[in-house]
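Asks: Hey, dropping run-v7.txt in here, compact mmCIF, N, CA and C atoms:
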```txt
# COMPACT_ATOMS: atom_id res chain seq x y z
N MET P 29 -1.88 28.51 33.81
CA MET P 29 -2.42 27.32 34.42
C MET P 29 -1.41 26.18 34.24
N ARG P 30 -1.21 25.43 35.27
CA ARG P 30 -0.25 24.33 35.23
C ARG P 30 -0.87 23.07 34.65
N ASN P 31 -0.03 22.36 33.91
CA ASN P 31 -0.45 21.04 33.44
C ASN P 31 -0.14 20.03 34.52
N LYS P 32 -1.10 19.24 34.84
CA LYS P 32 -0.88 18.19 35.83
C LYS P 32 -0.31 16.97 35.13
N ALA P 33 0.73 16.42 35.70
CA ALA P 33 1.32 15.21 35.14
C ALA P 33 0.43 14.03 35.47
N HIS P 34 0.20 13.21 34.48
CA HIS P 34 -0.60 12.01 34.67
C HIS P 34 0.33 10.84 34.86
N LYS P 35 0.04 10.05 35.85
CA LYS P 35 0.85 8.87 36.10
C LYS P 35 0.06 7.64 35.67
N ILE P 36 0.76 6.77 35.00
CA ILE P 36 0.15 5.53 34.57
C ILE P 36 0.86 4.41 35.31
N HIS P 37 0.09 3.61 35.99
CA HIS P 37 0.65 2.50 36.76
C HIS P 37 0.43 1.21 35.96
N VAL P 38 1.52 0.56 35.64
CA VAL P 38 1.46 -0.68 34.88
C VAL P 38 2.25 -1.74 35.63
N SER P 39 1.64 -2.88 35.76
CA SER P 39 2.32 -3.96 36.47
C SER P 39 3.34 -4.64 35.57
N SER P 40 4.29 -5.29 36.16
CA SER P 40 5.31 -6.00 35.37
C SER P 40 4.66 -7.15 34.60
N GLY P 41 3.58 -7.71 35.12
CA GLY P 41 2.86 -8.77 34.41
C GLY P 41 2.25 -8.28 33.11
N ARG P 42 1.67 -7.05 33.14
CA ARG P 42 1.09 -6.48 31.92
C ARG P 42 2.17 -6.14 30.91
N ILE P 43 3.31 -5.68 31.39
CA ILE P 43 4.42 -5.38 30.49
C ILE P 43 4.91 -6.66 29.82
N GLU P 44 5.07 -7.71 30.60
CA GLU P 44 5.52 -9.00 30.05
C GLU P 44 4.51 -9.54 29.05
N SER P 45 3.23 -9.39 29.34
CA SER P 45 2.18 -9.85 28.43
C SER P 45 2.25 -9.08 27.10
N ALA P 46 2.45 -7.79 27.18
CA ALA P 46 2.57 -6.97 25.97
C ALA P 46 3.80 -7.36 25.17
N MET P 47 4.90 -7.62 25.84
CA MET P 47 6.13 -8.04 25.17
C MET P 47 5.94 -9.40 24.47
N ALA P 48 5.23 -10.32 25.12
CA ALA P 48 4.98 -11.63 24.52
C ALA P 48 4.12 -11.48 23.27
N GLY P 49 3.12 -10.60 23.33
CA GLY P 49 2.27 -10.34 22.16
C GLY P 49 3.07 -9.75 21.02
N ALA P 50 4.00 -8.85 21.33
CA ALA P 50 4.84 -8.25 20.30
C ALA P 50 5.76 -9.30 19.67
N ARG P 51 6.30 -10.20 20.46
CA ARG P 51 7.15 -11.26 19.93
C ARG P 51 6.36 -12.18 19.00
N GLU P 52 5.12 -12.48 19.38
CA GLU P 52 4.27 -13.34 18.55
C GLU P 52 3.95 -12.66 17.23
N PHE P 53 3.63 -11.36 17.29
CA PHE P 53 3.34 -10.60 16.09
C PHE P 53 4.57 -10.54 15.19
N GLU P 54 5.72 -10.31 15.78
CA GLU P 54 6.96 -10.19 15.03
C GLU P 54 7.29 -11.47 14.28
N ALA P 55 7.00 -12.61 14.88
CA ALA P 55 7.30 -13.89 14.25
C ALA P 55 6.50 -14.10 12.97
N ASN P 56 5.31 -13.52 12.89
CA ASN P 56 4.44 -13.70 11.72
C ASN P 56 4.47 -12.51 10.76
N ASP P 57 5.19 -11.46 11.10
CA ASP P 57 5.23 -10.25 10.30
C ASP P 57 6.18 -10.44 9.12
N PRO P 58 5.74 -10.14 7.89
CA PRO P 58 6.64 -10.29 6.74
C PRO P 58 7.81 -9.31 6.83
N ARG P 59 9.02 -9.81 6.64
CA ARG P 59 10.23 -9.00 6.75
C ARG P 59 10.99 -8.98 5.43
N VAL P 60 11.36 -7.81 4.99
CA VAL P 60 12.18 -7.66 3.79
C VAL P 60 13.64 -7.80 4.21
N ILE P 61 14.37 -8.63 3.47
CA ILE P 61 15.80 -8.76 3.76
C ILE P 61 16.67 -8.12 2.68
N ARG P 62 16.04 -7.90 1.50
CA ARG P 62 16.77 -7.24 0.42
C ARG P 62 15.76 -6.52 -0.46
N ILE P 63 16.17 -5.37 -0.97
CA ILE P 63 15.31 -4.60 -1.86
C ILE P 63 16.16 -4.00 -2.95
N GLN P 64 15.57 -3.89 -4.13
CA GLN P 64 16.33 -3.29 -5.22
C GLN P 64 15.39 -2.66 -6.24
N TYR P 65 15.92 -1.65 -6.92
CA TYR P 65 15.20 -1.05 -8.04
C TYR P 65 15.73 -1.72 -9.30
N GLU P 66 14.83 -2.31 -10.08
CA GLU P 66 15.19 -2.97 -11.32
C GLU P 66 14.80 -2.04 -12.46
N ALA P 67 15.80 -1.31 -12.99
CA ALA P 67 15.54 -0.27 -13.99
C ALA P 67 14.97 -0.84 -15.29
N LYS P 68 15.42 -2.01 -15.69
CA LYS P 68 14.95 -2.60 -16.96
C LYS P 68 13.44 -2.79 -16.97
N GLU P 69 12.89 -3.31 -15.85
CA GLU P 69 11.45 -3.52 -15.73
C GLU P 69 10.74 -2.34 -15.07
N ASP P 70 11.50 -1.38 -14.53
CA ASP P 70 10.98 -0.22 -13.81
C ASP P 70 10.10 -0.65 -12.63
N VAL P 71 10.64 -1.58 -11.82
CA VAL P 71 9.92 -2.09 -10.65
C VAL P 71 10.82 -2.03 -9.42
N ILE P 72 10.17 -1.99 -8.26
CA ILE P 72 10.84 -2.14 -6.98
C ILE P 72 10.61 -3.58 -6.55
N SER P 73 11.68 -4.33 -6.33
CA SER P 73 11.56 -5.74 -5.95
C SER P 73 11.91 -5.92 -4.49
N LEU P 74 10.98 -6.52 -3.76
CA LEU P 74 11.16 -6.81 -2.34
C LEU P 74 11.45 -8.30 -2.19
N HIS P 75 12.52 -8.63 -1.50
CA HIS P 75 12.89 -10.02 -1.25
C HIS P 75 12.68 -10.29 0.23
N PHE P 76 11.88 -11.31 0.55
CA PHE P 76 11.51 -11.60 1.93
C PHE P 76 12.34 -12.74 2.51
N ALA P 77 12.33 -12.80 3.82
CA ALA P 77 13.11 -13.81 4.55
C ALA P 77 12.67 -15.22 4.19
N ASP P 78 11.39 -15.40 3.82
CA ASP P 78 10.89 -16.74 3.50
C ASP P 78 11.13 -17.14 2.03
N GLY P 79 11.85 -16.30 1.27
CA GLY P 79 12.16 -16.60 -0.12
C GLY P 79 11.23 -15.97 -1.12
N LEU P 80 10.15 -15.37 -0.68
CA LEU P 80 9.19 -14.73 -1.57
C LEU P 80 9.80 -13.46 -2.17
N LYS P 81 9.50 -13.21 -3.44
CA LYS P 81 9.91 -11.97 -4.10
C LYS P 81 8.67 -11.31 -4.67
N VAL P 82 8.48 -10.04 -4.36
CA VAL P 82 7.34 -9.28 -4.85
C VAL P 82 7.88 -8.06 -5.58
N SER P 83 7.38 -7.84 -6.80
CA SER P 83 7.80 -6.67 -7.58
C SER P 83 6.61 -5.76 -7.78
N ILE P 84 6.83 -4.46 -7.56
CA ILE P 84 5.77 -3.46 -7.67
C ILE P 84 6.20 -2.42 -8.69
N PRO P 85 5.33 -2.09 -9.66
CA PRO P 85 5.69 -1.04 -10.61
C PRO P 85 6.00 0.26 -9.88
N ARG P 86 7.13 0.83 -10.18
CA ARG P 86 7.60 2.03 -9.48
C ARG P 86 6.62 3.19 -9.58
N ARG P 87 5.98 3.36 -10.71
CA ARG P 87 5.06 4.50 -10.89
C ARG P 87 3.80 4.38 -10.03
N GLN P 88 3.53 3.19 -9.48
CA GLN P 88 2.38 3.00 -8.61
C GLN P 88 2.64 3.52 -7.20
N LEU P 89 3.91 3.68 -6.83
CA LEU P 89 4.26 4.05 -5.46
C LEU P 89 4.35 5.56 -5.30
N GLN P 90 3.57 6.07 -4.37
CA GLN P 90 3.55 7.51 -4.12
C GLN P 90 4.93 7.99 -3.72
N GLY P 91 5.36 9.07 -4.34
CA GLY P 91 6.66 9.67 -4.04
C GLY P 91 7.77 9.19 -4.95
N LEU P 92 7.52 8.12 -5.70
CA LEU P 92 8.54 7.58 -6.59
C LEU P 92 8.23 7.80 -8.06
N GLU P 93 7.06 8.34 -8.35
CA GLU P 93 6.60 8.43 -9.73
C GLU P 93 7.48 9.31 -10.61
N ARG P 94 8.16 10.30 -10.06
CA ARG P 94 8.99 11.19 -10.88
C ARG P 94 10.48 11.07 -10.57
N ALA P 95 10.84 10.08 -9.80
CA ALA P 95 12.24 9.91 -9.39
C ALA P 95 13.08 9.34 -10.53
N ASN P 96 14.38 9.69 -10.49
CA ASN P 96 15.29 9.14 -11.50
C ASN P 96 15.95 7.88 -10.95
N PRO P 97 16.56 7.07 -11.82
CA PRO P 97 17.14 5.79 -11.39
C PRO P 97 18.16 5.90 -10.25
N SER P 98 18.97 6.95 -10.23
CA SER P 98 19.95 7.06 -9.15
C SER P 98 19.26 7.31 -7.80
N GLN P 99 18.16 8.06 -7.80
CA GLN P 99 17.41 8.28 -6.57
C GLN P 99 16.70 7.00 -6.13
N LEU P 100 16.22 6.25 -7.10
CA LEU P 100 15.47 5.02 -6.80
C LEU P 100 16.38 3.91 -6.28
N SER P 101 17.62 3.90 -6.72
CA SER P 101 18.54 2.83 -6.34
C SER P 101 19.01 2.92 -4.90
N LYS P 102 18.92 4.09 -4.31
CA LYS P 102 19.35 4.28 -2.93
C LYS P 102 18.15 4.02 -2.01
N ILE P 103 18.04 2.77 -1.51
CA ILE P 103 16.91 2.36 -0.67
C ILE P 103 17.46 1.78 0.62
N GLU P 104 16.82 2.14 1.73
CA GLU P 104 17.20 1.59 3.03
C GLU P 104 16.06 0.75 3.59
N ILE P 105 16.41 -0.36 4.19
CA ILE P 105 15.44 -1.19 4.90
C ILE P 105 15.45 -0.71 6.34
N VAL P 106 14.29 -0.36 6.86
CA VAL P 106 14.19 0.16 8.23
C VAL P 106 13.20 -0.69 9.04
N GLY P 107 13.20 -0.49 10.34
CA GLY P 107 12.25 -1.18 11.21
C GLY P 107 12.41 -2.68 11.17
N ASN P 108 13.65 -3.15 11.11
CA ASN P 108 13.92 -4.59 11.10
C ASN P 108 13.20 -5.30 9.95
N GLY P 109 13.15 -4.61 8.78
CA GLY P 109 12.55 -5.22 7.60
C GLY P 109 11.09 -4.92 7.38
N THR P 110 10.49 -4.06 8.21
CA THR P 110 9.06 -3.74 8.05
C THR P 110 8.83 -2.45 7.29
N GLY P 111 9.89 -1.69 7.03
CA GLY P 111 9.72 -0.42 6.34
C GLY P 111 10.81 -0.20 5.31
N LEU P 112 10.52 0.69 4.36
CA LEU P 112 11.46 1.05 3.31
C LEU P 112 11.61 2.56 3.30
N HIS P 113 12.85 3.03 3.08
CA HIS P 113 13.10 4.47 3.09
C HIS P 113 14.01 4.83 1.92
N TRP P 114 13.61 5.84 1.16
CA TRP P 114 14.41 6.41 0.09
C TRP P 114 14.95 7.74 0.59
N PRO P 115 16.18 7.78 1.10
CA PRO P 115 16.71 9.00 1.72
C PRO P 115 16.85 10.18 0.76
N LEU P 116 17.17 9.93 -0.49
CA LEU P 116 17.33 11.03 -1.45
C LEU P 116 15.99 11.66 -1.83
N LEU P 117 14.90 10.95 -1.57
CA LEU P 117 13.56 11.44 -1.90
C LEU P 117 12.74 11.76 -0.66
N ASP P 118 13.22 11.35 0.51
CA ASP P 118 12.49 11.47 1.77
C ASP P 118 11.11 10.81 1.66
N VAL P 119 11.12 9.58 1.17
CA VAL P 119 9.89 8.79 0.97
C VAL P 119 10.00 7.52 1.79
N ASP P 120 8.91 7.17 2.46
CA ASP P 120 8.85 5.95 3.25
C ASP P 120 7.62 5.14 2.85
N HIS P 121 7.76 3.81 2.90
CA HIS P 121 6.62 2.92 2.68
C HIS P 121 6.69 1.78 3.68
N TYR P 122 5.51 1.36 4.14
CA TYR P 122 5.36 0.27 5.10
C TYR P 122 5.17 -1.02 4.31
N VAL P 123 5.99 -2.02 4.58
CA VAL P 123 5.99 -3.26 3.82
C VAL P 123 4.63 -3.95 3.85
N LEU P 124 4.03 -4.08 5.02
CA LEU P 124 2.73 -4.74 5.11
C LEU P 124 1.68 -3.99 4.29
N GLY P 125 1.74 -2.67 4.29
CA GLY P 125 0.83 -1.87 3.46
C GLY P 125 1.01 -2.16 1.98
N LEU P 126 2.27 -2.28 1.54
CA LEU P 126 2.53 -2.59 0.14
C LEU P 126 1.96 -3.96 -0.23
N LEU P 127 2.09 -4.92 0.67
CA LEU P 127 1.55 -6.24 0.40
C LEU P 127 0.03 -6.23 0.33
N GLN P 128 -0.59 -5.23 0.97
CA GLN P 128 -2.04 -5.08 0.94
C GLN P 128 -2.48 -4.10 -0.16
N HIS P 129 -1.57 -3.84 -1.08
CA HIS P 129 -1.80 -2.95 -2.23
C HIS P 129 -2.09 -1.52 -1.81
N ARG P 130 -1.52 -1.08 -0.72
CA ARG P 130 -1.63 0.33 -0.32
C ARG P 130 -0.33 1.00 -0.71
N PHE P 131 -0.35 1.70 -1.84
CA PHE P 131 0.86 2.27 -2.40
C PHE P 131 1.01 3.75 -2.09
N GLY P 132 0.16 4.29 -1.24
CA GLY P 132 0.23 5.70 -0.87
C GLY P 132 -0.99 6.07 -0.04
N THR P 133 -1.22 7.36 0.06
CA THR P 133 -2.36 7.86 0.84
C THR P 133 -3.67 7.51 0.14
N LYS P 134 -4.77 7.70 0.83
CA LYS P 134 -6.09 7.40 0.26
C LYS P 134 -6.32 8.23 -1.01
N ARG P 135 -5.93 9.49 -0.96
CA ARG P 135 -6.09 10.38 -2.12
C ARG P 135 -5.27 9.84 -3.30
N TRP P 136 -4.04 9.39 -3.03
CA TRP P 136 -3.17 8.84 -4.07
C TRP P 136 -3.82 7.60 -4.69
N MET P 137 -4.32 6.72 -3.86
CA MET P 137 -4.93 5.49 -4.34
C MET P 137 -6.19 5.79 -5.17
N ASN P 138 -6.97 6.78 -4.74
CA ASN P 138 -8.16 7.18 -5.51
C ASN P 138 -7.77 7.68 -6.90
N GLU P 139 -6.67 8.42 -6.96
CA GLU P 139 -6.20 8.95 -8.25
C GLU P 139 -5.76 7.81 -9.17
N ILE P 140 -5.08 6.81 -8.62
CA ILE P 140 -4.68 5.65 -9.43
C ILE P 140 -5.93 4.96 -9.99
N GLY P 141 -6.95 4.79 -9.15
CA GLY P 141 -8.19 4.17 -9.60
C GLY P 141 -8.90 5.00 -10.65
N ARG P 142 -8.89 6.32 -10.48
CA ARG P 142 -9.53 7.21 -11.46
C ARG P 142 -8.84 7.08 -12.81
N ARG P 143 -7.51 7.08 -12.80
CA ARG P 143 -6.77 6.95 -14.05
C ARG P 143 -7.05 5.61 -14.72
N GLY P 144 -7.17 4.57 -13.92
CA GLY P 144 -7.49 3.25 -14.47
C GLY P 144 -8.86 3.23 -15.11
N GLY P 145 -9.80 3.95 -14.52
CA GLY P 145 -11.15 4.02 -15.07
C GLY P 145 -11.23 4.77 -16.38
N LEU P 146 -10.24 5.61 -16.65
CA LEU P 146 -10.22 6.39 -17.88
C LEU P 146 -9.63 5.62 -19.06
N VAL P 147 -9.06 4.46 -18.78
CA VAL P 147 -8.43 3.67 -19.83
C VAL P 147 -9.48 3.26 -20.86
N LYS P 148 -9.14 3.43 -22.12
CA LYS P 148 -10.04 3.06 -23.20
C LYS P 148 -9.43 1.87 -23.93
N SER P 149 -10.21 0.83 -24.04
CA SER P 149 -9.75 -0.35 -24.77
C SER P 149 -10.92 -0.92 -25.57
N LYS P 150 -10.59 -1.79 -26.52
CA LYS P 150 -11.64 -2.42 -27.33
C LYS P 150 -12.55 -3.28 -26.45
N ALA P 151 -11.95 -3.97 -25.48
CA ALA P 151 -12.74 -4.84 -24.59
C ALA P 151 -13.71 -4.01 -23.74
N LYS P 152 -13.23 -2.86 -23.26
CA LYS P 152 -14.08 -2.00 -22.44
C LYS P 152 -15.23 -1.43 -23.28
N ALA P 153 -14.95 -1.02 -24.50
CA ALA P 153 -15.99 -0.48 -25.38
C ALA P 153 -17.02 -1.56 -25.71
N LYS P 154 -16.56 -2.78 -25.96
CA LYS P 154 -17.46 -3.89 -26.27
C LYS P 154 -18.38 -4.18 -25.08
N ALA P 155 -17.82 -4.19 -23.87
CA ALA P 155 -18.62 -4.43 -22.66
C ALA P 155 -19.64 -3.32 -22.46
N ALA P 156 -19.27 -2.07 -22.75
CA ALA P 156 -20.20 -0.96 -22.61
C ALA P 156 -21.36 -1.10 -23.60
N ARG P 157 -21.05 -1.54 -24.82
CA ARG P 157 -22.13 -1.75 -25.81
C ARG P 157 -23.08 -2.86 -25.35
N ARG P 158 -22.52 -3.95 -24.83
CA ARG P 158 -23.37 -5.06 -24.33
C ARG P 158 -24.27 -4.57 -23.20
N ASN P 159 -23.70 -3.80 -22.29
CA ASN P 159 -24.50 -3.27 -21.18
C ASN P 159 -25.57 -2.30 -21.69
N GLY P 160 -25.25 -1.53 -22.71
CA GLY P 160 -26.22 -0.60 -23.29
C GLY P 160 -27.40 -1.33 -23.90
N LEU P 161 -27.16 -2.48 -24.52
CA LEU P 161 -28.24 -3.28 -25.10
C LEU P 161 -29.18 -3.83 -24.03
N LYS P 162 -28.66 -3.93 -22.81
CA LYS P 162 -29.50 -4.41 -21.70
C LYS P 162 -30.33 -3.28 -21.12
N GLY P 163 -30.17 -2.10 -21.65
CA GLY P 163 -30.93 -0.96 -21.15
C GLY P 163 -30.10 0.04 -20.37
N GLY P 164 -28.82 -0.18 -20.29
CA GLY P 164 -27.95 0.77 -19.59
C GLY P 164 -28.10 0.69 -18.09
N ARG P 165 -27.62 1.70 -17.43
CA ARG P 165 -27.71 1.75 -15.97
C ARG P 165 -29.14 2.03 -15.54
N PRO P 166 -29.56 1.41 -14.43
CA PRO P 166 -30.91 1.71 -13.94
C PRO P 166 -30.96 3.13 -13.38
N THR P 167 -32.15 3.74 -13.48
CA THR P 167 -32.33 5.08 -12.95
C THR P 167 -32.34 5.02 -11.42
N VAL P 168 -32.13 6.15 -10.79
CA VAL P 168 -32.14 6.22 -9.35
C VAL P 168 -33.50 5.78 -8.79
N SER P 169 -34.58 6.21 -9.45
CA SER P 169 -35.92 5.83 -8.96
C SER P 169 -36.14 4.33 -9.07
N ALA P 170 -35.61 3.70 -10.10
CA ALA P 170 -35.75 2.26 -10.24
C ALA P 170 -34.99 1.54 -9.12
N LEU P 171 -33.84 2.05 -8.77
CA LEU P 171 -33.07 1.47 -7.67
C LEU P 171 -33.79 1.63 -6.34
N GLN P 172 -34.41 2.78 -6.14
CA GLN P 172 -35.14 3.03 -4.88
C GLN P 172 -36.34 2.09 -4.76
N ASN P 173 -37.00 1.79 -5.88
CA ASN P 173 -38.17 0.92 -5.86
C ASN P 173 -37.78 -0.52 -5.47
N THR P 174 -36.57 -0.94 -5.83
CA THR P 174 -36.16 -2.30 -5.52
C THR P 174 -35.75 -2.43 -4.06
N ARG P 175 -35.50 -1.36 -3.39
CA ARG P 175 -35.03 -1.41 -2.00
C ARG P 175 -36.20 -1.41 -1.00
N ARG P 176 -37.39 -1.25 -1.47
CA ARG P 176 -38.54 -1.16 -0.56
C ARG P 176 -38.99 -2.50 -0.11
```
For the file at hand, write its structure as structure tokens.

Replies:
Amino acid sequence: MRNKAHKIHVSSGRIESAMAGAREFEANDPRVIRIQYEAKEDVISLHFADGLKVSIPRRQLQGLERANPSQLSKIEIVGNGTGLHWPLLDVDHYVLGLLQHRFGTKRWMNEIGRRGGLVKSKAKAKAARRNGLKGGRPTVSALQNTRR
């Protein structure tokens, strides 16, 4: 069976409108102009065109958690400053996603949250004791009764 080719007809006005929208978006899009791995602090530092500097712990970024310093130091800025690429690791990250604290896939982010929840500290233990004195977590039936 043959595939029929689909033709899409677009006017030059619609193309120009789309191009204008892209230019407007580009003007407000955060752009990285320099990036570096800072081994002493073990962070990836992003330097933006507006002078802002953001540092992210390397172990938080999916694909970089087991990399060595020589692999981490080789970073390319791609997409006119909107993306980052580590060629020795074949790892890519989207700058806007990093600024929104998206350091990997949903599964990766869930694992980071799970590990954070396992942290044991004196403050966490104290808060748990205070909550326990209040009667602990409500039962499922108690929650259902409040929703009626």

Asks: Point out the residue among P:Ser169, P:Val71, P:Arg42, P:His129 with the least atom-to-atom distance to P:Ile84, counting only N, CA and C atoms.

Replies: P:Val71

Asks: Taking all listed atoms of stretch 79-92 of chain P, build the axis-aligned box, pad each of the six sides by 8 Å, then write its centre and edge lengths in Å to one decimal as JSON.

Replies:
```
{"center_x": 7.3, "center_y": -3.5, "center_z": -4.8, "size_x": 25.8, "size_y": 42.3, "size_z": 28.2}
```

Asks: What separation in Å, quoted to one decimal, exists between atom C of P:Leu100 and atom N of P:Asp57?

Replies: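 So the answer is 25.8 Å.
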
Asks: Go through P:Arg62, P:Arg51, P:His37, P:Arg158 one by one, measure the shortest atom-to-atom distance of each to P:Gly109 using only N, CA and C atoms, and give the residue with the smallest value.

Replies: P:Arg62

Asks: Where does DSSP see strand (DSSP E or B) in stretch 75-130 of chain P, if you list the residues as a list of chain:residue names?

Replies: P:His75, P:Phe76, P:Lys81, P:Val82, P:Ser83, P:Ile84, P:Pro85, P:Glu104, P:Ile105, P:Val106, P:Gly111, P:Leu112, P:His113, P:Trp114, P:Val119, P:Asp120, P:His121, P:Tyr122

Asks: From the options P:Gly49, P:Gly111, P:Pro97, P:Gly79, which residue's atoms come nearest to P:Tyr65, counting only N, CA and C atoms?

Replies: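 Distance minimum relative to P:Tyr65 lands on P:Pro97.
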
Asks: Which of these, P:Ser39, P:Arg59, P:Ala155, P:Lys68, has the shortest distance to P:Val123 once you count all atoms listed in the file?

Replies: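 Looking only at the distances to P:Val123, the closest residue turns out to be P:Arg59.
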
Asks: Using only C-alpha atoms, give me every residue within 12 Å of (-0.9, 9.5, -1.0) in file coordinates, as a ChimeraX atom specification.

Replies: /P:88-93,119-121,130-140

Asks: Counting only N, CA and C atoms, what is within 6 Å of P:Val82, bar same-chain residues fewer than 4 positions away, as JSON, numbers by chain?

Replies: {"P": [72, 73, 74, 75]}

Asks: How would the residues just picked look written out with N, CA and C atoms as a compact mmCIF listing (two decimals), keeping the file's coordinate frame?

Replies:
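Below is the file out-v7.txt, written as the result:
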```txt
# COMPACT_ATOMS: atom_id res chain seq x y z
N ILE P 72 10.17 -1.99 -8.26
CA ILE P 72 10.84 -2.14 -6.98
C ILE P 72 10.61 -3.58 -6.55
N SER P 73 11.68 -4.33 -6.33
CA SER P 73 11.56 -5.74 -5.95
C SER P 73 11.91 -5.92 -4.49
N LEU P 74 10.98 -6.52 -3.76
CA LEU P 74 11.16 -6.81 -2.34
C LEU P 74 11.45 -8.30 -2.19
N HIS P 75 12.52 -8.63 -1.50
CA HIS P 75 12.89 -10.02 -1.25
C HIS P 75 12.68 -10.29 0.23
```

Asks: Quick one, how far is atom N of P:Gln64 from atom CA of P:Gly141?

Replies: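 About the pair atom N of P:Gln64 and atom CA of P:Gly141: they are 25.7 Å apart.
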
Asks: I need the residue nearest P:Arg86 from this list: P:His113, P:Arg142, P:Lys162, P:Ala67. Use only C-alpha atoms for the distance.

Replies: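 When distances to P:Arg86 are compared using only C-alpha atoms, the smallest one comes from P:Ala67.
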
Asks: Looking at all atoms listed in the file, which of P:Glu69, P:Ala95, P:Asp78, P:Val60 is the one that sits closest to P:Thr110?

Replies: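 Counting all atoms listed in the file, the residue closest to P:Thr110 is P:Val60.
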
Asks: Taking only stretch 29-166 of chain P into account, list the residues labelled alpha helix (DSSP H) by DSSP (computed from the backbone), as a ChimeraX atom specification.

Replies: /P:40-56,97-101,123-127,134-145,150-161

Asks: Could you tell me how far atom CA of P:Phe76 sits from atom N of P:Glu52, in Å to one decimal place?

Replies: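 Taking atom N of P:Glu52 and atom CA of P:Phe76, their separation equals 18.6 Å.
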